[in-house]
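So this one's final_35.txt, compact mmCIF, C-alpha atoms (C1' of nucleotides):
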```txt
# COMPACT_ATOMS: atom_id res chain seq x y z
CA MET A 1171 -14.01 1.85 -15.75
CA SER A 1172 -11.98 3.53 -12.98
CA SER A 1173 -14.33 6.34 -12.04
CA ARG A 1174 -13.18 9.82 -11.21
CA ALA A 1175 -13.43 9.08 -7.47
CA SER A 1176 -11.45 5.87 -7.79
CA GLN A 1177 -8.61 7.67 -9.51
CA ARG A 1178 -8.50 10.53 -7.01
CA LEU A 1179 -8.50 7.98 -4.20
CA THR A 1180 -5.57 5.95 -5.51
CA GLU A 1181 -3.60 9.15 -6.10
CA ALA A 1182 -4.27 10.54 -2.64
CA ALA A 1183 -3.61 7.16 -1.05
CA SER A 1184 -0.33 6.79 -2.90
CA ARG A 1185 0.81 10.22 -1.75
CA LEU A 1186 -0.22 9.74 1.87
CA PHE A 1187 1.01 6.16 2.23
CA GLN A 1188 4.39 7.15 0.86
CA ALA A 1189 4.60 10.14 3.17
CA LYS A 1190 3.45 8.48 6.39
CA GLY A 1191 3.23 4.72 5.92
CA LEU A 1192 0.16 2.58 5.34
CA SER A 1193 -0.91 2.09 8.94
CA SER A 1194 -0.40 5.71 9.98
CA VAL A 1195 -2.95 6.94 7.46
CA GLY A 1196 -6.65 6.48 8.19
CA ILE A 1197 -9.50 6.15 5.75
CA ASN A 1198 -10.87 9.53 6.78
CA GLU A 1199 -7.59 11.23 5.95
CA VAL A 1200 -7.49 9.60 2.53
CA VAL A 1201 -11.00 10.64 1.58
CA ARG A 1202 -10.41 14.16 2.88
CA GLU A 1203 -7.19 14.45 0.85
CA ALA A 1204 -8.92 12.99 -2.21
CA GLY A 1205 -11.82 15.40 -1.79
CA VAL A 1206 -14.30 12.57 -1.98
CA ALA A 1207 -16.96 11.03 0.24
CA LYS A 1208 -16.16 8.00 2.34
CA MET A 1209 -18.87 5.99 0.63
CA SER A 1210 -17.16 6.61 -2.71
CA LEU A 1211 -14.21 4.71 -1.33
CA TYR A 1212 -16.29 1.72 -0.36
CA ASN A 1213 -18.23 1.86 -3.62
CA ASN A 1214 -14.94 1.49 -5.50
CA PHE A 1215 -12.87 -0.71 -3.20
CA PRO A 1216 -13.97 -3.52 -0.89
CA SER A 1217 -11.58 -2.46 1.87
CA LYS A 1218 -8.65 -0.24 2.81
CA SER A 1219 -6.33 -3.10 1.94
CA ASP A 1220 -7.67 -3.19 -1.62
CA LEU A 1221 -7.22 0.55 -1.98
CA ALA A 1222 -3.64 0.11 -0.77
CA LYS A 1223 -3.14 -2.66 -3.29
CA ALA A 1224 -4.31 -0.39 -6.10
CA ALA A 1225 -2.21 2.55 -4.89
CA TYR A 1226 1.00 0.57 -4.51
CA ALA A 1227 0.45 -1.30 -7.78
CA GLN A 1228 0.18 2.07 -9.50
CA LEU A 1229 3.34 3.29 -7.76
CA SER A 1230 5.18 0.13 -8.76
CA LYS A 1231 4.17 0.65 -12.37
CA GLU A 1232 5.42 4.24 -12.32
CA ARG A 1233 8.74 3.23 -10.79
CA GLN A 1234 9.23 0.52 -13.38
CA GLN A 1235 8.41 2.91 -16.19
CA ALA A 1236 10.98 5.38 -14.85
CA ILE A 1237 13.57 2.61 -14.82
CA GLU A 1238 12.65 1.41 -18.29
CA ALA A 1239 12.89 4.93 -19.67
CA LEU A 1240 16.31 5.23 -18.12
CA VAL A 1241 17.54 1.89 -19.42
CA LYS A 1242 16.29 2.66 -22.91
CA LYS A 1243 17.86 6.12 -22.90
CA VAL A 1244 21.33 4.88 -21.98
CA ALA A 1245 23.18 2.57 -24.33
CA ASP A 1246 25.91 1.36 -21.99
CA PRO A 1247 24.56 -1.14 -19.43
CA GLU A 1248 27.05 -0.11 -16.75
CA THR A 1249 25.95 3.50 -17.08
CA ALA A 1250 22.33 2.37 -16.88
CA ILE A 1251 22.98 0.59 -13.58
CA LEU A 1252 24.86 3.54 -12.12
CA GLU A 1253 22.04 5.84 -13.20
CA MET A 1254 19.62 3.64 -11.30
CA PHE A 1255 21.54 4.60 -8.17
CA ASP A 1256 21.31 8.24 -9.21
CA LEU A 1257 17.57 7.71 -9.45
CA ALA A 1258 17.64 6.32 -5.89
CA GLY A 1259 19.50 9.46 -4.88
CA ARG A 1260 16.76 11.60 -6.41
CA LEU A 1261 14.11 9.65 -4.49
CA ALA A 1262 16.05 10.01 -1.25
CA ALA A 1263 16.55 13.74 -1.77
CA ARG A 1264 12.81 14.39 -1.83
CA PRO A 1265 11.56 16.20 1.27
CA GLY A 1266 9.98 13.83 3.76
CA PHE A 1267 11.72 10.77 2.31
CA ARG A 1268 11.15 7.81 4.60
CA GLY A 1269 12.87 4.98 2.71
CA CYS A 1270 11.67 2.69 -0.04
CA ALA A 1271 7.88 2.70 0.10
CA PHE A 1272 7.75 -1.03 -0.63
CA ILE A 1273 10.10 -2.00 2.19
CA ASP A 1274 7.98 0.17 4.44
CA LEU A 1275 4.90 -1.58 3.11
CA ALA A 1276 6.45 -4.98 3.83
CA ALA A 1277 6.90 -3.95 7.45
CA HIS A 1278 3.29 -2.81 7.76
CA SER A 1279 1.62 -5.71 5.97
CA ALA A 1280 2.90 -8.73 7.86
CA GLN A 1281 -0.48 -10.40 7.88
CA ASP A 1282 -1.84 -9.29 4.51
CA ILE A 1283 -0.71 -11.79 1.89
CA GLY A 1284 -1.85 -9.71 -1.08
CA LEU A 1285 0.26 -6.76 -0.03
CA ARG A 1286 3.30 -8.92 0.74
CA ASP A 1287 3.04 -10.46 -2.73
CA LEU A 1288 2.93 -6.99 -4.21
CA VAL A 1289 6.17 -6.07 -2.45
CA ARG A 1290 7.83 -9.28 -3.61
CA ASP A 1291 6.72 -8.73 -7.20
CA HIS A 1292 7.96 -5.16 -7.18
CA LYS A 1293 11.38 -6.22 -5.93
CA ARG A 1294 11.52 -8.99 -8.49
CA ALA A 1295 10.77 -6.50 -11.26
CA ILE A 1296 13.70 -4.33 -10.19
CA HIS A 1297 15.84 -7.44 -9.89
CA ARG A 1298 14.89 -8.29 -13.48
CA HIS A 1299 16.06 -4.88 -14.72
CA PHE A 1300 19.36 -5.24 -12.89
CA GLU A 1301 19.81 -8.74 -14.26
CA GLU A 1302 19.13 -7.68 -17.84
CA SER A 1303 21.69 -4.88 -17.61
CA ALA A 1304 24.16 -7.22 -15.90
CA ARG A 1305 23.76 -9.70 -18.74
CA ARG A 1306 24.29 -7.01 -21.37
CA HIS A 1307 27.32 -5.88 -19.42
CA GLY A 1308 28.74 -9.36 -19.89
CA ALA A 1309 28.77 -10.41 -16.25
CA VAL A 1310 29.70 -14.05 -15.69
CA ARG A 1311 26.92 -14.51 -13.14
CA PRO A 1312 24.27 -11.89 -14.00
CA ARG A 1313 21.70 -13.32 -11.64
CA GLN A 1314 23.95 -13.14 -8.61
CA LEU A 1315 25.16 -9.70 -9.60
CA ALA A 1316 21.58 -8.50 -9.84
CA THR A 1317 20.85 -9.89 -6.36
CA GLN A 1318 23.88 -8.03 -5.02
CA LEU A 1319 22.90 -4.78 -6.72
CA LEU A 1320 19.35 -5.07 -5.39
CA ALA A 1321 20.63 -5.58 -1.84
CA LEU A 1322 22.88 -2.54 -2.24
CA TRP A 1323 19.98 -0.51 -3.60
CA ASP A 1324 17.55 -1.51 -0.84
CA GLY A 1325 20.12 -1.11 1.90
CA ALA A 1326 21.27 2.25 0.62
CA LEU A 1327 17.71 3.62 0.49
CA THR A 1328 17.04 2.30 3.99
CA ASP A 1329 20.24 3.66 5.50
CA ALA A 1330 19.76 6.99 3.74
CA ALA A 1331 16.37 7.29 5.44
CA ILE A 1332 17.73 6.26 8.84
CA GLU A 1333 20.68 8.66 8.71
CA GLY A 1334 18.96 11.41 6.78
CA SER A 1335 21.92 11.53 4.42
CA LEU A 1336 22.66 10.73 0.79
CA GLU A 1337 26.04 9.26 1.68
CA PRO A 1338 24.83 5.62 1.75
CA ILE A 1339 23.52 6.02 -1.79
CA HIS A 1340 26.71 7.56 -3.11
CA ALA A 1341 28.75 4.83 -1.44
CA ALA A 1342 26.44 2.15 -2.87
CA ARG A 1343 26.84 3.59 -6.34
CA GLU A 1344 30.58 3.34 -5.94
CA ALA A 1345 30.24 -0.26 -4.74
CA ALA A 1346 28.10 -1.07 -7.77
CA HIS A 1347 30.90 0.25 -9.96
CA VAL A 1348 33.42 -2.05 -8.24
CA LEU A 1349 31.12 -5.08 -8.49
CA LEU A 1350 30.51 -4.43 -12.19
CA ALA A 1351 34.22 -4.17 -12.88
CA ALA A 1352 34.89 -7.46 -11.08
CA SER A 1353 31.98 -9.30 -12.70
CA LYS A 1354 33.42 -10.08 -16.14
CA MET B 866 16.64 -1.88 40.37
CA SER B 867 15.02 -3.67 37.45
CA SER B 868 12.41 -5.69 39.29
CA ARG B 869 11.45 -9.19 38.33
CA ALA B 870 8.37 -7.91 36.47
CA SER B 871 10.39 -5.34 34.55
CA GLN B 872 12.79 -7.99 33.30
CA ARG B 873 10.05 -10.41 32.27
CA LEU B 874 8.35 -7.55 30.43
CA THR B 875 11.38 -6.49 28.41
CA GLU B 876 12.07 -10.11 27.49
CA ALA B 877 8.49 -10.80 26.39
CA ALA B 878 8.31 -7.47 24.55
CA SER B 879 11.58 -8.16 22.75
CA ARG B 880 10.34 -11.57 21.61
CA LEU B 881 6.91 -10.34 20.49
CA PHE B 882 8.10 -7.14 18.81
CA GLN B 883 10.67 -9.11 16.82
CA ALA B 884 8.10 -11.69 15.81
CA LYS B 885 5.25 -9.36 14.86
CA GLY B 886 6.49 -5.78 14.80
CA LEU B 887 5.96 -3.07 17.40
CA SER B 888 2.56 -1.83 16.32
CA SER B 889 1.04 -5.27 15.82
CA VAL B 890 1.57 -6.20 19.44
CA GLY B 891 -0.74 -4.78 22.09
CA ILE B 892 -0.02 -4.14 25.74
CA ASN B 893 -2.39 -6.90 26.75
CA GLU B 894 -0.49 -9.44 24.68
CA VAL B 895 2.82 -8.37 26.20
CA VAL B 896 1.64 -8.66 29.79
CA ARG B 897 -0.04 -12.02 29.04
CA GLU B 898 3.18 -13.35 27.47
CA ALA B 899 5.23 -11.97 30.36
CA GLY B 900 2.86 -13.55 32.87
CA VAL B 901 2.50 -10.27 34.69
CA ALA B 902 -0.29 -7.84 35.54
CA LYS B 903 -0.89 -4.81 33.36
CA MET B 904 -0.29 -2.47 36.28
CA SER B 905 3.18 -3.94 36.72
CA LEU B 906 3.97 -2.62 33.28
CA TYR B 907 2.86 0.89 34.13
CA ASN B 908 4.60 0.75 37.51
CA ASN B 909 7.87 0.04 35.70
CA PHE B 910 7.51 2.00 32.44
CA PRO B 911 5.73 5.28 31.78
CA SER B 912 4.32 4.08 28.44
CA LYS B 913 4.45 1.40 25.78
CA SER B 914 7.02 3.47 23.91
CA ASP B 915 9.35 3.36 26.92
CA LEU B 916 8.95 -0.40 27.21
CA ALA B 917 9.82 -0.65 23.53
CA LYS B 918 12.85 1.54 24.06
CA ALA B 919 14.07 -0.77 26.84
CA ALA B 920 13.36 -3.92 24.82
CA TYR B 921 15.12 -2.74 21.66
CA ALA B 922 18.04 -1.27 23.62
CA GLN B 923 18.53 -4.69 25.21
CA LEU B 924 18.33 -6.36 21.80
CA SER B 925 20.83 -3.90 20.36
CA LYS B 926 23.23 -4.67 23.21
CA GLU B 927 22.94 -8.40 22.60
CA ARG B 928 23.56 -8.02 18.87
CA GLN B 929 26.60 -5.88 19.47
CA GLN B 930 27.97 -8.37 21.96
CA ALA B 931 27.53 -11.17 19.43
CA ILE B 932 29.45 -9.11 16.86
CA GLU B 933 32.19 -8.22 19.33
CA ALA B 934 32.62 -11.85 20.33
CA LEU B 935 32.92 -12.74 16.68
CA VAL B 936 35.42 -9.99 15.88
CA LYS B 937 37.55 -10.91 18.92
CA LYS B 938 37.49 -14.61 18.04
CA VAL B 939 38.72 -14.12 14.47
CA ALA B 940 42.17 -12.67 13.86
CA ASP B 941 41.84 -11.83 10.16
CA PRO B 942 39.61 -8.75 9.62
CA GLU B 943 38.36 -9.98 6.23
CA THR B 944 37.22 -13.23 7.81
CA ALA B 945 35.56 -11.25 10.60
CA ILE B 946 33.55 -9.26 8.07
CA LEU B 947 32.54 -12.34 6.11
CA GLU B 948 31.49 -14.02 9.34
CA MET B 949 29.23 -11.07 10.08
CA PHE B 950 27.33 -12.04 6.94
CA ASP B 951 27.21 -15.62 8.17
CA LEU B 952 25.70 -14.23 11.35
CA ALA B 953 23.11 -12.44 9.23
CA GLY B 954 22.40 -15.78 7.57
CA ARG B 955 21.81 -17.38 10.96
CA LEU B 956 19.38 -14.60 11.89
CA ALA B 957 17.53 -14.97 8.59
CA ALA B 958 17.31 -18.75 8.97
CA ARG B 959 15.36 -18.48 12.21
CA PRO B 960 11.71 -19.49 11.85
CA GLY B 961 9.42 -16.49 11.53
CA PHE B 962 12.24 -14.18 10.42
CA ARG B 963 10.77 -10.86 9.30
CA GLY B 964 13.87 -8.85 8.45
CA CYS B 965 16.13 -6.73 10.63
CA ALA B 966 14.14 -5.80 13.73
CA PHE B 967 15.58 -2.28 13.74
CA ILE B 968 14.63 -1.54 10.14
CA ASP B 969 11.16 -2.79 11.01
CA LEU B 970 11.19 -0.55 14.06
CA ALA B 971 12.18 2.43 11.93
CA ALA B 972 9.12 1.83 9.76
CA HIS B 973 6.82 1.65 12.78
CA SER B 974 8.20 4.60 14.74
CA ALA B 975 7.99 7.47 12.27
CA GLN B 976 6.70 9.90 14.89
CA ASP B 977 8.60 8.66 17.96
CA ILE B 978 11.95 10.44 18.07
CA GLY B 979 13.35 8.30 20.87
CA LEU B 980 12.80 5.09 18.93
CA ARG B 981 14.18 6.56 15.69
CA ASP B 982 17.32 7.62 17.55
CA LEU B 983 17.65 4.10 18.89
CA VAL B 984 17.55 2.68 15.35
CA ARG B 985 20.12 5.21 14.15
CA ASP B 986 22.44 4.47 17.06
CA HIS B 987 22.18 0.73 16.49
CA LYS B 988 23.08 1.10 12.82
CA ARG B 989 25.96 3.40 13.69
CA ALA B 990 27.28 0.80 16.12
CA ILE B 991 27.31 -1.85 13.39
CA HIS B 992 28.88 0.66 11.03
CA ARG B 993 31.62 1.22 13.61
CA HIS B 994 32.40 -2.50 13.74
CA PHE B 995 32.58 -2.69 9.95
CA GLU B 996 34.79 0.37 9.84
CA GLU B 997 37.19 -0.97 12.44
CA SER B 998 37.60 -4.23 10.54
CA ALA B 999 37.94 -2.34 7.25
CA ARG B 1000 40.71 -0.25 8.77
CA ARG B 1001 42.53 -3.32 10.08
CA HIS B 1002 42.13 -4.85 6.65
CA GLY B 1003 44.06 -1.91 5.25
CA ALA B 1004 41.29 -0.41 3.16
CA VAL B 1005 42.13 2.94 1.58
CA ARG B 1006 38.74 4.39 2.51
CA PRO B 1007 37.52 2.39 5.52
CA ARG B 1008 34.61 4.69 6.26
CA GLN B 1009 33.15 4.39 2.78
CA LEU B 1010 33.75 0.65 2.74
CA ALA B 1011 31.89 0.33 6.03
CA THR B 1012 28.97 2.30 4.61
CA GLN B 1013 28.89 -0.03 1.61
CA LEU B 1014 29.04 -3.15 3.77
CA LEU B 1015 26.25 -1.84 5.99
CA ALA B 1016 24.04 -1.18 2.97
CA LEU B 1017 24.74 -4.69 1.70
CA TRP B 1018 23.96 -6.14 5.13
CA ASP B 1019 20.71 -4.22 5.57
CA GLY B 1020 19.57 -4.85 2.01
CA ALA B 1021 20.41 -8.52 2.19
CA LEU B 1022 18.45 -9.00 5.43
CA THR B 1023 15.50 -7.10 3.96
CA ASP B 1024 15.48 -8.98 0.65
CA ALA B 1025 15.91 -12.30 2.43
CA ALA B 1026 12.76 -11.55 4.41
CA ILE B 1027 10.82 -10.43 1.34
CA GLU B 1028 11.81 -13.45 -0.74
CA GLY B 1029 11.92 -15.94 2.09
CA SER B 1030 15.32 -17.09 0.88
CA LEU B 1031 18.92 -16.99 2.09
CA GLU B 1032 20.20 -16.27 -1.41
CA PRO B 1033 20.41 -12.48 -0.94
CA ILE B 1034 22.62 -13.01 2.09
CA HIS B 1035 24.94 -15.44 0.33
CA ALA B 1036 25.20 -13.07 -2.63
CA ALA B 1037 25.90 -10.14 -0.32
CA ARG B 1038 28.66 -12.10 1.40
CA GLU B 1039 30.24 -12.69 -1.99
CA ALA B 1040 29.91 -8.99 -2.83
CA ALA B 1041 31.60 -8.10 0.47
CA HIS B 1042 34.49 -10.33 -0.53
CA VAL B 1043 34.84 -8.49 -3.86
CA LEU B 1044 34.65 -5.06 -2.21
CA LEU B 1045 37.28 -6.03 0.35
CA ALA B 1046 39.63 -7.27 -2.37
CA ALA B 1047 39.22 -4.03 -4.32
CA SER B 1048 39.59 -1.76 -1.28
CA LYS B 1049 43.36 -1.83 -0.74
C1' DA C 125 -36.44 16.18 -20.38
C1' DG C 126 -35.83 12.11 -17.85
C1' DC C 127 -33.59 8.38 -15.86
C1' DA C 128 -29.92 5.64 -14.08
C1' DA C 129 -25.48 5.61 -12.22
C1' DA C 130 -22.31 7.78 -9.42
C1' DG C 131 -21.32 10.75 -5.72
C1' DT C 132 -22.29 13.24 -1.04
C1' DA C 133 -22.52 14.27 4.07
C1' DG C 134 -22.29 12.73 8.16
C1' DA C 135 -24.14 9.95 11.83
C1' DC C 136 -23.34 5.49 13.55
C1' DA C 137 -21.89 0.63 15.01
C1' DG C 138 -18.43 -2.41 16.54
C1' DA C 139 -13.84 -3.41 17.43
C1' DC C 140 -9.56 -2.50 19.48
C1' DC C 141 -6.10 -0.17 22.11
C1' DA C 142 -3.33 2.59 25.66
C1' DG C 143 -3.54 3.78 29.94
C1' DT C 144 -6.11 4.36 34.79
C1' DC C 145 -8.26 2.93 38.93
C1' DT C 146 -9.58 0.17 42.80
C1' DA C 147 -9.33 -3.19 46.06
C1' DC C 148 -6.95 -7.01 47.25
C1' DC C 149 -2.89 -10.06 48.00
C1' DT C 150 1.89 -11.76 49.13
C1' DA C 151 6.61 -12.07 50.45
C1' DG C 152 10.42 -10.63 52.81
C1' DA C 153 12.95 -7.43 56.15
C1' DG C 154 13.21 -5.97 60.79
C1' DC D 1109 4.44 -10.66 63.81
C1' DT D 1110 3.99 -6.65 61.28
C1' DC D 1111 4.69 -3.37 57.99
C1' DT D 1112 5.68 -2.10 53.44
C1' DA D 1113 6.82 -2.37 48.70
C1' DG D 1114 5.75 -4.66 44.88
C1' DG D 1115 2.45 -7.49 42.50
C1' DT D 1116 -2.46 -8.88 40.91
C1' DA D 1117 -7.08 -9.10 38.44
C1' DG D 1118 -9.97 -7.03 35.81
C1' DA D 1119 -13.33 -3.46 35.08
C1' DC D 1120 -13.38 0.98 32.94
C1' DT D 1121 -12.42 5.44 30.21
C1' DG D 1122 -11.59 7.89 26.23
C1' DG D 1123 -9.96 7.81 21.90
C1' DT D 1124 -9.27 6.03 17.22
C1' DC D 1125 -10.09 3.12 13.48
C1' DT D 1126 -12.61 0.56 9.67
C1' DG D 1127 -16.63 -0.08 7.57
C1' DT D 1128 -22.09 0.65 7.17
C1' DC D 1129 -26.33 3.02 6.58
C1' DT D 1130 -29.54 6.47 4.97
C1' DA D 1131 -31.48 9.98 2.53
C1' DC D 1132 -30.23 13.33 -0.65
C1' DT D 1133 -27.95 15.43 -4.87
C1' DT D 1134 -25.38 15.67 -9.09
C1' DT D 1135 -24.03 14.22 -13.66
C1' DG D 1136 -24.10 12.39 -18.10
C1' DC D 1137 -26.36 9.85 -21.68
C1' DT D 1138 -30.22 9.28 -24.82
```

Have the structure of the file written as structure tokens, please.
Amino acid sequence: MSSRASQRLTEAASRLFQAKGLSSVGINEVVREAGVAKMSLYNNFPSKSDLAKAAYAQLSKERQQAIEALVKKVADPETAILEMFDLAGRLAARPGFRGCAFIDLAAHSAQDIGLRDLVRDHKRAIHRHFEESARRHGAVRPRQLATQLLALWDGALTDAAIEGSLEPIHAAREAAHVLLAASK
Amino acid sequence: MSSRASQRLTEAASRLFQAKGLSSVGINEVVREAGVAKMSLYNNFPSKSDLAKAAYAQLSKERQQAIEALVKKVADPETAILEMFDLAGRLAARPGFRGCAFIDLAAHSAQDIGLRDLVRDHKRAIHRHFEESARRHGAVRPRQLATQLLALWDGALTDAAIEGSLEPIHAAREAAHVLLAASK
DNA sequence: AGCAAAGTAGACAGACCAGTCTACCTAGAG
DNA sequence: CTCTAGGTAGACTGGTCTGTCTACTTTGCT
């Protein structure tokens, strides 16, 4: 399955949606960027919303793989969690960074249930990784700790975008360190 | 100044933009909700963007006044900070809550510098309140603590909206407590 | 070679939206 | 009473967007 055109479309869509936000990118721009005819879009996806679903699902998978690679590489769970904030820092340092793509998507998909579910599932997946590391760290309440770390992570990415600075992410990393120390 | 129509417009705009997001609300809907003619909008504001600026500036002022009232009411700075998270909980418990209106605005105003500045200024104002309380609390690094608390606050509001639950806000309040204890 | 599946270019329809224009109305100050 | 500033209704313009249609071409498999 997944024809050549379909793949080029999801890649171009992922790039453009991240750079400008779902509702600021038109179909014509996507097909131009993908180097593909408009009809190839509608032969592969029923609607723009379905293309977005595919693009963001792909992005979510990539992000989760990056996190899994990181968690597997690092033995110490505390280090793994702190490195997740370093990863956030790397995302935020990219030129044109506009905040977490999934939070942005949530804002632009108020009425599209499929897309909102995708955002929720993505955040739950990250929560799961935090919780697993928190549990291995020996936290008394790993679930709550994961919820706190996720809020820090999301807030830090958002504030970094608003201020155009990496300071929120560095501060959040430090806060994660304090929360981990207090969690046993 | 500020004619009757202008006031009704900013109020209606504030309500609708909070409920649906800036770009999901059309001019026609705003004037209908305000009970005012479309030309009254353009006699009072040069463009939709300027109406939005007025509406969000008003909202920012109200939020800051609520925070100031709270900080003035409570003597203990730690309690004041924790009560700011209770305030976040009250916001998130409102029916139709869609996350912090200013984070939503940031997502919908990528190309409008005036609106982006407004978001940044609003977040800086909240940061200032956190920092003042952190300083009164005796924190060693009040600026960094304020940055951490703001990230927690923003992330908690965002995650509460995504999950449709108050749990992120309760967890963030607990995290704030831990950070405050560790900050001296 | 031949055929089916996939892709192409671009015109087009239909919806929606910001912002303009016109002609009329109303309320309050002098 | 009259004048004026502010308000009104709604048609209209120009632009943009998603999604469709058509007739044609390429590609890859057998």

At a cut-off of 9 Å, which residues of chain D touch chain A? Count only C-alpha atoms (C1' of nucleotides) and give the answer as a PDB file with C-alpha atoms (C1' of nucleotides), keeping the file's coordinate frame.
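File result_24.pdb, as written:
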```pdb
ATOM      1  C1'  DC D1125     -10.090   3.120  13.480  1.00  0.00           C
ATOM      2  C1'  DT D1126     -12.610   0.560   9.670  1.00  0.00           C
ATOM      3  C1'  DG D1127     -16.630  -0.080   7.570  1.00  0.00           C
TER       4       DG D1127
END
```

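Computed from the coordinates, the CA of Glu1181 in chain A to CA of Ser1194 in chain A distance equals 16.8 Å.
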
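For chain A, the residues having at least one atom no farther than 7 Å from chain B, when counting all atoms listed in the file, are A:Asp1274, A:Ala1277, A:Arg1290, A:Gln1314, A:Thr1317, A:Gln1318, A:Ala1321, A:Leu1322, A:Asp1324, A:Gly1325, A:Ala1326, A:Asp1329, A:Ile1332, A:Glu1333, A:Pro1338, A:Ala1341, A:Ala1342, A:Ala1345, A:Val1348, A:Leu1349.
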
Interatomic distance between C1' of DG131 in chain C and CA of Gln1228 in chain A?
-> 23.5 Å

Please identify all polymer residues lying at most 10 Å from the point (15.1, -1.2, 22.9) (file coordinates), using all atoms listed in the file, and present the result as a PDB file with C-alpha atoms, keeping the file's coordinate frame.
```pdb
ATOM      1  CA  THR B 875      11.380  -6.490  28.410  1.00  0.00           C
ATOM      2  CA  ALA B 878       8.310  -7.470  24.550  1.00  0.00           C
ATOM      3  CA  SER B 879      11.580  -8.160  22.750  1.00  0.00           C
ATOM      4  CA  SER B 914       7.020   3.470  23.910  1.00  0.00           C
ATOM      5  CA  ASP B 915       9.350   3.360  26.920  1.00  0.00           C
ATOM      6  CA  LEU B 916       8.950  -0.400  27.210  1.00  0.00           C
ATOM      7  CA  ALA B 917       9.820  -0.650  23.530  1.00  0.00           C
ATOM      8  CA  LYS B 918      12.850   1.540  24.060  1.00  0.00           C
ATOM      9  CA  ALA B 919      14.070  -0.770  26.840  1.00  0.00           C
ATOM     10  CA  ALA B 920      13.360  -3.920  24.820  1.00  0.00           C
ATOM     11  CA  TYR B 921      15.120  -2.740  21.660  1.00  0.00           C
ATOM     12  CA  ALA B 922      18.040  -1.270  23.620  1.00  0.00           C
ATOM     13  CA  GLN B 923      18.530  -4.690  25.210  1.00  0.00           C
ATOM     14  CA  LEU B 924      18.330  -6.360  21.800  1.00  0.00           C
ATOM     15  CA  SER B 925      20.830  -3.900  20.360  1.00  0.00           C
ATOM     16  CA  LYS B 926      23.230  -4.670  23.210  1.00  0.00           C
ATOM     17  CA  PHE B 967      15.580  -2.280  13.740  1.00  0.00           C
ATOM     18  CA  LEU B 970      11.190  -0.550  14.060  1.00  0.00           C
ATOM     19  CA  GLY B 979      13.350   8.300  20.870  1.00  0.00           C
ATOM     20  CA  LEU B 980      12.800   5.090  18.930  1.00  0.00           C
ATOM     21  CA  LEU B 983      17.650   4.100  18.890  1.00  0.00           C
ATOM     22  CA  VAL B 984      17.550   2.680  15.350  1.00  0.00           C
ATOM     23  CA  HIS B 987      22.180   0.730  16.490  1.00  0.00           C
TER      24      HIS B 987
END
```

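Within 9 Å of chain A, counting all atoms listed in the file, chain C contributes DA130, DG131, DT132 and DA133 of chain C.
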
Please enclose the listed atoms of range 1297-1313 of chain A in an axis-aligned box, pad each side by 8 Å, and write out the centre and the three edge lengths in Å, rounded to one decimal, as AutoDock Vina command-line options.
```
--center_x 22.3 --center_y -9.7 --center_z -15.6 --size_x 30.8 --size_y 25.6 --size_z 27.5
```

Write out as a ChimeraX atom specification the residues lying within 6 Å of range 1250-1262 of chain A, counting only C-alpha atoms (C1' of nucleotides) and excluding same-chain residues fewer than 3 positions away.
-> /A:1241,1244,1247,1267,1343

Leaving out DG152 in chain C and any residue of its chain fewer than 3 positions from it, which residues lie within 12 Å of it when counting all atoms listed in the file, given as a ChimeraX atom specification?
-> /D:1110-1114

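The space separating CA of Ile932 in chain B from CA of His1042 in chain B comes to 18.1 Å.
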